[in-house]
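Single-structure report; data block below.
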Amino acid sequence: ISGTVVIGEGEMDEAPMLYIGEKVGKGGVEVDIAVDPLEGTNLTAKNMNGAIAVMAIAKKGGLLHAPDMYMDKIVVGPKAKGAIDINLPPEENMKNVAKALGKDVSELNIVLLELGARCKFISDGDVSPVIATSFGTEGIDMMMGKGGAPEGVIAAAAIKCMGGDMQGRLVPETEEETRRVHEMGINDVNKVLTLDDLVSTDEVCFIATGVTKGDMLNGVRFTDKYAITH
């Protein structure tokens, strides 16, 4: 590949590698790479469940070059594709998703407690619950909330691969962040970013490796001679 890191360690991190703009590979197909070496830093530091290392690779120009700021997100799996609208109140989205899944709202498992739906709380890291909406084995029907925009693009790559649906909206909190949104070519900071806006190509792959034990992936396990990853 001839790869370019488009989402990675920012300049403020003074990272020696995997920084935004870094060129990687030995030549070949031009691709964009989005990487989060440790999704769940606090989880790892406290030896809590759910930390992962994640990476997405897509044809050049296929990934939104999201600036390091917050993004509102709403995500569902394949069975509820087309049933979400980030402009609607949470209650309306929950009713629509429940209808698409053939459930009552009270039977939904989501990350936001509304209308009596059951809630799975997360303390850190928002890529894993996004992915879990599309696995069908984790019991998560829907994910709503605000998290990192770069992580949102990485998660969108997984959702694109798995046939789910996602919408996002950047949430600039300073004039500098608003300026960066405009530099991306987004004139309306309230623009709804569809899954195709976040990942504009079907030529994309997603890779996740467990760091600490989680619902979907085992954490790193050590033997006398080597480490085992999942």
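Each chain of the structure tokens is named A, B, ... in the order shown, its residues numbered from 1; ligands are numbered from 1 in display order.
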Considering only C-alpha atoms, give me a table of residues in stretch 140-162 of chain A that are at most 8 Å from stretch 58-82 of chain A, with the closest atom pair and distance in Å for each, as a Markdown table.
```
| residue | atom | partner | partner_atom | distance |
| --- | --- | --- | --- | --- |
| A:Asp141 | CA | A:Val76 | CA | 6.3 |
| A:Met142 | CA | A:Val76 | CA | 4.8 |
| A:Met143 | CA | A:Val75 | CA | 5.1 |
| A:Met144 | CA | A:Ile74 | CA | 4.5 |
| A:Gly145 | CA | A:Lys73 | CA | 5.6 |
| A:Lys146 | CA | A:Asp72 | CA | 4.4 |
| A:Gly147 | CA | A:Tyr70 | CA | 5.4 |
| A:Gly148 | CA | A:Tyr70 | CA | 4.6 |
| A:Ala149 | CA | A:Met71 | CA | 4.8 |
| A:Pro150 | CA | A:Ala66 | CA | 5.4 |
| A:Gly152 | CA | A:Met71 | CA | 7.3 |
| A:Val153 | CA | A:Leu64 | CA | 6.7 |
| A:Ile159 | CA | A:Gly77 | CA | 7.7 |
| A:Met162 | CA | A:Pro78 | CA | 7.4 |
```
Legend entry - Shell around A:Thr229 at 12 Å using only C-alpha atoms, local window under 5 positions removed, as a VMD selection string: chain A and resid 52 to 53 208 to 213 217 to 223
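Each of A:Asn187, A:Ser106, A:Gln167, A:Ser128 was compared to A:Asn49 using only C-alpha atoms, and A:Ser128 turns out to be the nearest.
Counting only C-alpha atoms, A:Asn87 has the following residues at most 10 Å away, ignoring those fewer than 2 positions along the same chain: A:Ile84, A:Asp85, A:Pro89, A:Pro90, A:Glu92, A:Asn93, A:Gln167, A:Arg169, A:Asn190, A:Val192.
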Per-residue nearest contacts of stretch 88-184 of chain A to stretch 200-207 of chain A (10 Å; only C-alpha atoms) as a Markdown table:
```
| residue | atom | partner | partner_atom | distance |
| --- | --- | --- | --- | --- |
| A:Ile154 | CA | A:Phe206 | CA | 7.8 |
| A:Ala155 | CA | A:Phe206 | CA | 8.4 |
| A:Ala156 | CA | A:Phe206 | CA | 9.4 |
| A:Ala157 | CA | A:Phe206 | CA | 6.2 |
| A:Ala158 | CA | A:Phe206 | CA | 5.5 |
| A:Ile159 | CA | A:Phe206 | CA | 9.2 |
| A:Lys160 | CA | A:Asp202 | CA | 7.4 |
| A:Cys161 | CA | A:Cys205 | CA | 6.9 |
| A:Met162 | CA | A:Phe206 | CA | 9.9 |
```
Which residues in stretch 66-219 of chain A does DSSP call strand (DSSP E or B)? List them as a short mmCIF file (atom, residue, chain, number, x, y, z; two decimals) with N, CA, C and O atoms, in the first residue's frame.
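The result, stored in part13.cif:
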```cif
data_model
loop_
_atom_site.label_atom_id
_atom_site.label_comp_id
_atom_site.auth_asym_id
_atom_site.auth_seq_id
_atom_site.Cartn_x
_atom_site.Cartn_y
_atom_site.Cartn_z
N TYR A 70 -15.92 16.86 19.31
CA TYR A 70 -17.02 15.96 19.63
C TYR A 70 -17.98 15.82 18.46
O TYR A 70 -18.07 16.67 17.58
N MET A 71 -18.70 14.70 18.47
CA MET A 71 -19.71 14.42 17.45
C MET A 71 -20.90 13.75 18.12
O MET A 71 -20.74 12.81 18.90
N ASP A 72 -22.09 14.26 17.83
CA ASP A 72 -23.31 13.55 18.22
C ASP A 72 -23.48 12.36 17.28
O ASP A 72 -23.27 12.49 16.06
N LYS A 73 -23.86 11.20 17.83
CA LYS A 73 -23.96 9.99 17.02
C LYS A 73 -25.24 9.24 17.34
O LYS A 73 -25.71 9.25 18.48
N ILE A 74 -25.77 8.59 16.33
CA ILE A 74 -26.88 7.66 16.52
C ILE A 74 -26.62 6.48 15.59
O ILE A 74 -26.33 6.67 14.41
N VAL A 75 -26.68 5.28 16.14
CA VAL A 75 -26.26 4.09 15.40
C VAL A 75 -27.22 2.94 15.66
O VAL A 75 -27.69 2.74 16.79
N VAL A 76 -27.50 2.18 14.60
CA VAL A 76 -28.29 0.95 14.73
C VAL A 76 -27.68 -0.12 13.83
O VAL A 76 -26.86 0.16 12.96
N ASN A 109 -32.49 -2.27 24.15
CA ASN A 109 -31.27 -2.08 24.92
C ASN A 109 -30.44 -1.01 24.22
O ASN A 109 -29.99 -1.20 23.09
N ILE A 110 -30.26 0.12 24.87
CA ILE A 110 -29.55 1.25 24.27
C ILE A 110 -28.62 1.87 25.31
O ILE A 110 -28.56 1.41 26.45
N ARG A 118 -34.11 -0.14 28.60
CA ARG A 118 -32.96 -0.58 29.39
C ARG A 118 -31.69 0.06 28.84
O ARG A 118 -31.56 0.29 27.66
N CYS A 119 -30.74 0.31 29.72
CA CYS A 119 -29.56 1.07 29.33
C CYS A 119 -28.29 0.32 29.68
O CYS A 119 -28.18 -0.26 30.75
N MET A 142 -29.30 -0.13 19.91
CA MET A 142 -29.16 1.26 19.45
C MET A 142 -28.13 1.97 20.31
O MET A 142 -27.98 1.67 21.50
N MET A 143 -27.39 2.90 19.72
CA MET A 143 -26.44 3.69 20.47
C MET A 143 -26.69 5.16 20.17
O MET A 143 -26.78 5.55 19.01
N MET A 144 -26.87 5.96 21.20
CA MET A 144 -27.03 7.40 21.04
C MET A 144 -26.11 8.10 22.03
O MET A 144 -25.97 7.65 23.17
N GLY A 145 -25.48 9.17 21.59
CA GLY A 145 -24.65 9.91 22.53
C GLY A 145 -23.61 10.75 21.84
O GLY A 145 -23.53 10.80 20.61
N LYS A 146 -22.79 11.43 22.64
CA LYS A 146 -21.76 12.31 22.13
C LYS A 146 -20.40 11.73 22.46
O LYS A 146 -20.12 11.39 23.60
N GLY A 147 -19.55 11.61 21.44
CA GLY A 147 -18.21 11.10 21.63
C GLY A 147 -17.27 11.73 20.62
O GLY A 147 -17.64 12.67 19.91
N GLY A 148 -16.07 11.22 20.54
CA GLY A 148 -15.08 11.78 19.65
C GLY A 148 -15.45 11.60 18.18
O GLY A 148 -15.92 10.55 17.77
N ASP A 165 -26.46 1.24 10.20
CA ASP A 165 -26.76 2.61 9.82
C ASP A 165 -26.27 3.55 10.91
O ASP A 165 -26.32 3.22 12.10
N MET A 166 -25.82 4.73 10.49
CA MET A 166 -25.26 5.68 11.45
C MET A 166 -25.42 7.09 10.91
O MET A 166 -25.33 7.33 9.70
N GLN A 167 -25.69 8.02 11.80
CA GLN A 167 -25.67 9.44 11.47
C GLN A 167 -24.86 10.17 12.53
O GLN A 167 -24.80 9.74 13.69
N GLY A 168 -24.23 11.25 12.13
CA GLY A 168 -23.45 12.04 13.07
C GLY A 168 -23.58 13.52 12.80
O GLY A 168 -24.03 13.93 11.72
N ARG A 169 -23.20 14.32 13.77
CA ARG A 169 -23.21 15.77 13.61
C ARG A 169 -22.08 16.32 14.46
O ARG A 169 -22.02 16.07 15.67
N LEU A 170 -21.17 17.06 13.84
CA LEU A 170 -20.04 17.62 14.58
C LEU A 170 -20.52 18.65 15.60
O LEU A 170 -21.49 19.37 15.36
N VAL A 171 -19.83 18.69 16.74
CA VAL A 171 -20.22 19.60 17.82
C VAL A 171 -19.01 20.47 18.18
O VAL A 171 -18.32 20.22 19.18
N LEU A 193 -24.34 14.27 9.04
CA LEU A 193 -23.41 13.43 8.31
C LEU A 193 -23.96 12.01 8.26
O LEU A 193 -24.12 11.36 9.29
N THR A 194 -24.29 11.56 7.06
CA THR A 194 -24.80 10.20 6.91
C THR A 194 -23.65 9.21 6.91
O THR A 194 -22.47 9.60 6.89
N VAL A 199 -18.07 7.53 5.58
CA VAL A 199 -17.27 6.56 4.81
C VAL A 199 -17.89 6.49 3.42
O VAL A 199 -18.95 5.88 3.24
N VAL A 204 -13.57 -0.72 2.02
CA VAL A 204 -13.12 -0.36 3.36
C VAL A 204 -13.04 -1.62 4.21
O VAL A 204 -13.81 -2.57 4.02
N CYS A 205 -12.09 -1.64 5.11
CA CYS A 205 -12.03 -2.75 6.08
C CYS A 205 -11.77 -2.19 7.47
O CYS A 205 -11.27 -1.07 7.63
N PHE A 206 -12.13 -2.98 8.46
CA PHE A 206 -12.04 -2.57 9.86
C PHE A 206 -11.39 -3.69 10.66
O PHE A 206 -11.69 -4.86 10.43
N ILE A 207 -10.50 -3.31 11.55
CA ILE A 207 -9.80 -4.30 12.37
C ILE A 207 -9.84 -3.85 13.82
O ILE A 207 -9.57 -2.68 14.12
N ALA A 208 -10.19 -4.76 14.72
CA ALA A 208 -10.17 -4.46 16.15
C ALA A 208 -9.44 -5.58 16.89
O ALA A 208 -9.61 -6.75 16.56
N THR A 209 -8.65 -5.21 17.87
CA THR A 209 -7.93 -6.17 18.70
C THR A 209 -8.22 -5.87 20.16
O THR A 209 -8.13 -4.71 20.59
N GLY A 210 -8.59 -6.88 20.93
CA GLY A 210 -8.87 -6.67 22.33
C GLY A 210 -7.62 -6.35 23.13
O GLY A 210 -6.58 -6.99 22.94
#
```
Inset, instruction - Write out as a PyMOL selection string the residues lying within 8 Å of A:Ala83, counting only C-alpha atoms and excluding same-chain residues fewer than 5 positions away. - result: chain A and resi 93+96-97+100
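If you look at atom CA of A:Gly21 and atom CA of A:Ile33, they are 9.8 Å away from each other.
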Legend entry - DSSP helix (DSSP H, G or I) residues within stretch 63-105 of chain A, as a PyMOL selection string: chain A and resi 78-80+90-101+105
